[in-house]
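**Student:** My structure is below; once you've seen it, I'll send some questions.
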Amino acid sequence: MKENDIKKYYNKKIAELRKHNKFYFDQSSPKISDKKYDEIKREILNLEKKYSYLTSNISPSNSLGFAPSKNFIKSSHRVKMLSLSNAFDLEDLENFEKKIFNYLNEKIDVEYSVEPKIDGISASLTYKDGLLVLGTSRGDGMIGEVITENLKTISDIPQKIIYKDFPKDIDIRGEVFIKKSDFSNLKNNFANPRNAASGSLRQKNSEQTKKIPLNFIAYTFGYFESKIIKKQSEFLRSLKKWGFKTSEHNKVLKNINDLENFHKNFEKDRFDLEYDVDGLVYKINSLDLQKRLGFTASSPRWAIAHKFSADSAYSQIEDINIQVGRTGALTPVARIKPANIGGVVVSNATLHNEDEIIRKDIRLGDTVKVERAGDVIPHVVLVDLKKREKNSKKFVFPKKCPCGFDTIKEFNKITKKYDAVRRCPDRGFDCEKIAVEKIKHFISKEAINIDGLGKKVVEKFCDLKLIRFPQDIFKLDYGQISKLEGWGELSVSNLKYSIDQSRNVSLDRFLYSLGIRHIGIENAKLLAEYTKSITNFLNFIKNKKFNDFLNIDGIGETQINSLKKFFENKSNYRIVEKLSSLLNITDLKVNKDGKLLNNTFMFTGKLENMSRAEAKSLIEENSGSVVSSVNKKLKYLITGEKPTTRKVQQAKELGIKILSQKDWLNLLD
Ligand code: IVH
């Protein structure tokens with residue numbers, strides 16, 4: 001097909017998607033099945049993958065969630081309604097736990113609350129003084145639709161609760177769903193029970209909602225403060241007592257092997273349940289631990305959804321390519337003979353990492369079972385050894401990155417094991433492959449945030465050599481871009497506008513945007529607070545004062561080494577200098593209404609069950625600040641185990657209050 005025809009075809013698919021989005025989300029009346037809808041989405045994604053010049057605002061590759069419908073009044077969630085990250089196998093579960101230990105900086109015995117993942121629509125119910133005052137849908141996670149009246153038609157949802165221990169102000173969250181048996185009467189109108197629940201719940205007229213038998217199972221809270229309830233399992237028990245329905249399959253389990261076994265058995269029996277379940281949710285049972293672990297941008301660190309196996313198919317591996325990620329991770333991807341998996345044509349499947357290939361002994365030419373679930377990247381589950389050719393050879397994982405650098409495997413000090421992932425050592429922008437990924441990171445929402453420059457466009461501009469380094473973005477030749485296919489006057493001026501807008505950026509976001517390994521948003525904030533301005537920051541770097549950063553609570557050897565490595569590379573330094581001259585980098589703003597406003601703290605000694613980073617963010621969340629030396633400006637010195645005598649002495653001399661970790665936590669309630 002010619003480029004023009006491909007575009008025409010792509011635009012047709014986009015128009016189709018737009019039409020069905022409208023039916024589904026605005027009118028709650030889908031005209032095609034979920035499977036057909038997914039097929040359109042998948043086709044669009046595949047086309048974009050194949051032809052980098054194809055882009056669209058409404059492409060599934062661009063949309064983060066679904067905006068609330070125009071039919072309802074909107075309401076901001078007091079606590080965001082995020083989604084869960086997914087696990088498919090034991091390795092994913094082990095990684096989940098490993099990340100928790102890394103974050104907490106200690107290995108602990110974990111207890112999990114295990115709950116079925118009901119495949120319905122989530123809703124949030126706000127109760128004040130025992131009365132249901134607001135009911136909302138998830139919306140885009142930040143803002144939901146007010147559907148109180150519709151939710152009130154559900155008999156499982158209590159409207160008045162008179163228990164003494166029922167919190168005065170709480171958001172209770174759970175899943176709205178239709179039982180499989182009830183769905184059989186509605187089959188002609190909806191593709192599946194989930195669609196039927198969504199359609200019913202989002203009717204303009206609650207009388208319509210009443211007609212479809214909806215159910216509600218409660219499983220978590222949004223806004224809620226409790227000193228009495230300490231565990232998720234206790235919360236579930238309380239929910240039941242207060243009159244909510246909870247799943248009768250909820251359980252507490254202690255280790256990953258038990259989770260895996262329970263999952264195996266549950267998966268077999270899931271079809272006997274009276275509602276659709278697409279996996280199990282594992283939540284760290286201790287609410288204190290949940291609080292400590294907190295959230296990443298999209299999901300809680302303390303929970304994961306262990307999905308049931310989805311549709312799968314057998315196909316043959318034609319090639320294995322190595323993709324390079326932003327941190328230099330080499331990810332092998334199997335190119336397979338196109339196979340129809342649950343109505344979607346799949347031609348790529350991830351092989352995760354080198355260890356996975358070794359463990360499963362995956363080879364070129366092998367016939368493999370490929371699985372896909374929802375929007376998740378298809379992956380290879382097993383090799384059909386009976387079909388293996390006699391002369392097949394083990395796959396040798398390349399020891400060099402496609403850019404030519406030797407690769408490495410890192411040693412994790414906490415797990416005391418080598419990583420499964422092989423990496424191109426992070427040398428900043430020298431590796432062309434890493435550079436493209438770094439530029440994608442540079443423009444992303446939490447970083448510089450260039451709206452009009454999507455990831456696909458970055459790939460295309462890099463391909464066309466319009467961009468090689470991030471600073472090139474600010475010197476784009478718009479005349480040349482307007483000559484490119486698909487770039488009309490309007491899109492060029494939109495692009496220029498959003499690039500110009502992004503020139504104002506706070507120091508923390510700027511430092512984060514550089515994509516230096518181990519310098520995520522939190523660490524970038526710490527560095528920005530410490531160095532105050534980009535000029536200061538660059539002076540620290542120029543004068544090689546990296547070790548000064550050790551004074552920052554939360555910054556340790558790992559971060560310092562990573563910064564050193566990044567800036568040892570002259571071209572990286574030049575890039576940062578160049579960017580600082582092209583951008584207007586401002587100091588960062590701080591939260592000004594917390595309990596600890598105008599209070600300064602410093603730590604000495606080891607804190608119990610808490611890393612310094614965590615302690616610092618706790619103080620900052622409450623508007624306090626952390627300083628790194630004992631002087632008159634310091635208000636409280638917090639002492640952990642084995643505090644430095646000199647610091648305590650100095651504090652005493654200056655009349656600074658000395659708090660134990662417990663005293664300090666009491667200050668915070
Ligand atoms: S907890 C911060 N528990 O799964 C996440 N979610 O991908 C809080 N779901 O939007 C969700 N059963 O619609 C949780 N027992 C359960 C669940 C559950 C189903 C859904 C929910 C959520 C999605 C997360």
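For the structure tokens, the naming scheme is as follows: chains receive sequential letters (A, B, ...) according to their order of presentation, residues are indexed from 1 within each chain, and ligands are indexed from 1 in presentation order.
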Extract, using only C-alpha atoms, all DNA, RNA and protein residues at most 6 Å from segment 416-424 of chain A, discarding same-chain residues fewer than 6 positions from it, and format them as an NGL selection string.

**Tutor:** :A and (328-330 or 353 or 355 or 401 or 407-410)

**Student:** Pull N, CA and C atoms from the residues just selected and write them as a PDB file, in the first residue's frame.

**Tutor:**
```pdb
ATOM      1  N   GLY A 328      18.790   1.836  29.614  1.00  0.00           N
ATOM      2  CA  GLY A 328      19.745   0.958  28.966  1.00  0.00           C
ATOM      3  C   GLY A 328      19.368  -0.517  29.042  1.00  0.00           C
ATOM      4  N   ALA A 329      18.202  -0.833  29.655  1.00  0.00           N
ATOM      5  CA  ALA A 329      17.804  -2.241  29.769  1.00  0.00           C
ATOM      6  C   ALA A 329      17.577  -2.828  28.378  1.00  0.00           C
ATOM      7  N   LEU A 330      18.173  -3.995  28.148  1.00  0.00           N
ATOM      8  CA  LEU A 330      17.995  -4.669  26.859  1.00  0.00           C
ATOM      9  C   LEU A 330      16.816  -5.635  26.975  1.00  0.00           C
ATOM     10  N   ASN A 353      13.609 -10.678  29.495  1.00  0.00           N
ATOM     11  CA  ASN A 353      15.033 -10.399  29.702  1.00  0.00           C
ATOM     12  C   ASN A 353      15.873 -11.639  29.416  1.00  0.00           C
ATOM     13  N   ASP A 355      17.607 -13.638  31.353  1.00  0.00           N
ATOM     14  CA  ASP A 355      17.395 -14.793  32.233  1.00  0.00           C
ATOM     15  C   ASP A 355      16.163 -15.592  31.834  1.00  0.00           C
ATOM     16  N   CYS A 401      25.411  -3.790  23.157  1.00  0.00           N
ATOM     17  CA  CYS A 401      24.201  -3.037  22.813  1.00  0.00           C
ATOM     18  C   CYS A 401      24.243  -2.748  21.301  1.00  0.00           C
ATOM     19  N   THR A 407      27.724  -4.555  27.285  1.00  0.00           N
ATOM     20  CA  THR A 407      26.628  -4.463  28.257  1.00  0.00           C
ATOM     21  C   THR A 407      27.052  -5.061  29.595  1.00  0.00           C
ATOM     22  N   ILE A 408      26.250  -4.799  30.635  1.00  0.00           N
ATOM     23  CA  ILE A 408      26.601  -5.300  31.971  1.00  0.00           C
ATOM     24  C   ILE A 408      25.361  -5.831  32.691  1.00  0.00           C
ATOM     25  N   LYS A 409      25.597  -6.611  33.738  1.00  0.00           N
ATOM     26  CA  LYS A 409      24.515  -7.009  34.639  1.00  0.00           C
ATOM     27  C   LYS A 409      24.860  -6.463  36.012  1.00  0.00           C
ATOM     28  N   GLU A 410      23.899  -5.830  36.657  1.00  0.00           N
ATOM     29  CA  GLU A 410      24.228  -5.185  37.926  1.00  0.00           C
ATOM     30  C   GLU A 410      23.927  -6.080  39.120  1.00  0.00           C
TER      31      GLU A 410
END
```

**Student:** Write down as a ChimeraX atom specification the residues of segment 298-383 of chain A whose backbone DSSP state falls under strand (DSSP E).

**Tutor:** /A:303-307,311-324,330-341,344-350,367-372,379-383

**Student:** Rounded to one decimal in Å, what is the spacing between atom CA of Leu550 of chain A and atom CA of Asp663 of chain A?

**Tutor:** 25.9 Å

**Student:** Tell me, counting only C-alpha atoms, for each residue of segment 312-343 of chain A within 9 Å of segment 377-396 of chain A, which pair of atoms is nearest and how far apart they are in Å to one decimal, in rows ordered by chain and increasing number, as JSON lines.

**Tutor:**
```
{"residue": "A:Tyr314", "atom": "CA", "partner": "A:Asp384", "partner_atom": "CA", "distance": 8.6}
{"residue": "A:Ile320", "atom": "CA", "partner": "A:Phe395", "partner_atom": "CA", "distance": 8.9}
{"residue": "A:Val333", "atom": "CA", "partner": "A:His379", "partner_atom": "CA", "distance": 8.9}
{"residue": "A:Ala334", "atom": "CA", "partner": "A:Val380", "partner_atom": "CA", "distance": 8.2}
```

**Student:** Would you export the selected residues with N, CA and C atoms as a compact mmCIF listing (two decimals), in the first residue's frame, please?

**Tutor:**
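Below is the file that was written, again21.txt:
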```txt
# COMPACT_ATOMS: atom_id res chain seq x y z
N TYR A 314 -0.65 -20.56 19.70
CA TYR A 314 0.70 -21.04 19.40
C TYR A 314 1.17 -20.39 18.10
N ILE A 320 14.46 -12.75 16.89
CA ILE A 320 14.46 -12.15 18.23
C ILE A 320 15.24 -10.83 18.14
N VAL A 333 12.65 -9.12 22.18
CA VAL A 333 11.27 -9.22 21.69
C VAL A 333 11.23 -10.26 20.58
N ALA A 334 10.31 -11.22 20.71
CA ALA A 334 10.18 -12.24 19.68
C ALA A 334 9.28 -11.72 18.58
```

**Student:** Determine, counting only C-alpha atoms, which protein, DNA and RNA residues have an atom within 8 Å of an atom of Phe244 of chain A; residues of the same chain fewer than 5 positions away are not included. Present the result as a PyMOL selection string.

**Tutor:** chain A and resi 156-158+217-218+239

**Student:** Step by step, measure atom-to-atom distances between ligand 1 and each residue using only C-alpha atoms and all ligand atoms, keep those at most 6 Å, then write them as a count of residues only.

**Tutor:** 17

**Student:** Which residues are close to Asn4 of chain A, i.e. within 12 Å by only C-alpha atoms, leaving aside same-chain residues fewer than 3 positions away? Reply as a PyMOL selection string.

**Tutor:** chain A and resi 1+7-11+51+53-54+485-486

**Student:** From the set A:Gly135, A:Gly294, A:Pro470, A:Gly222, which residue has the shortest atom-to-atom contact distance to Leu583 of chain A, counting only C-alpha atoms?

**Tutor:**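 That would be A:Pro470, the residue with the smallest distance to Leu583 of chain A.
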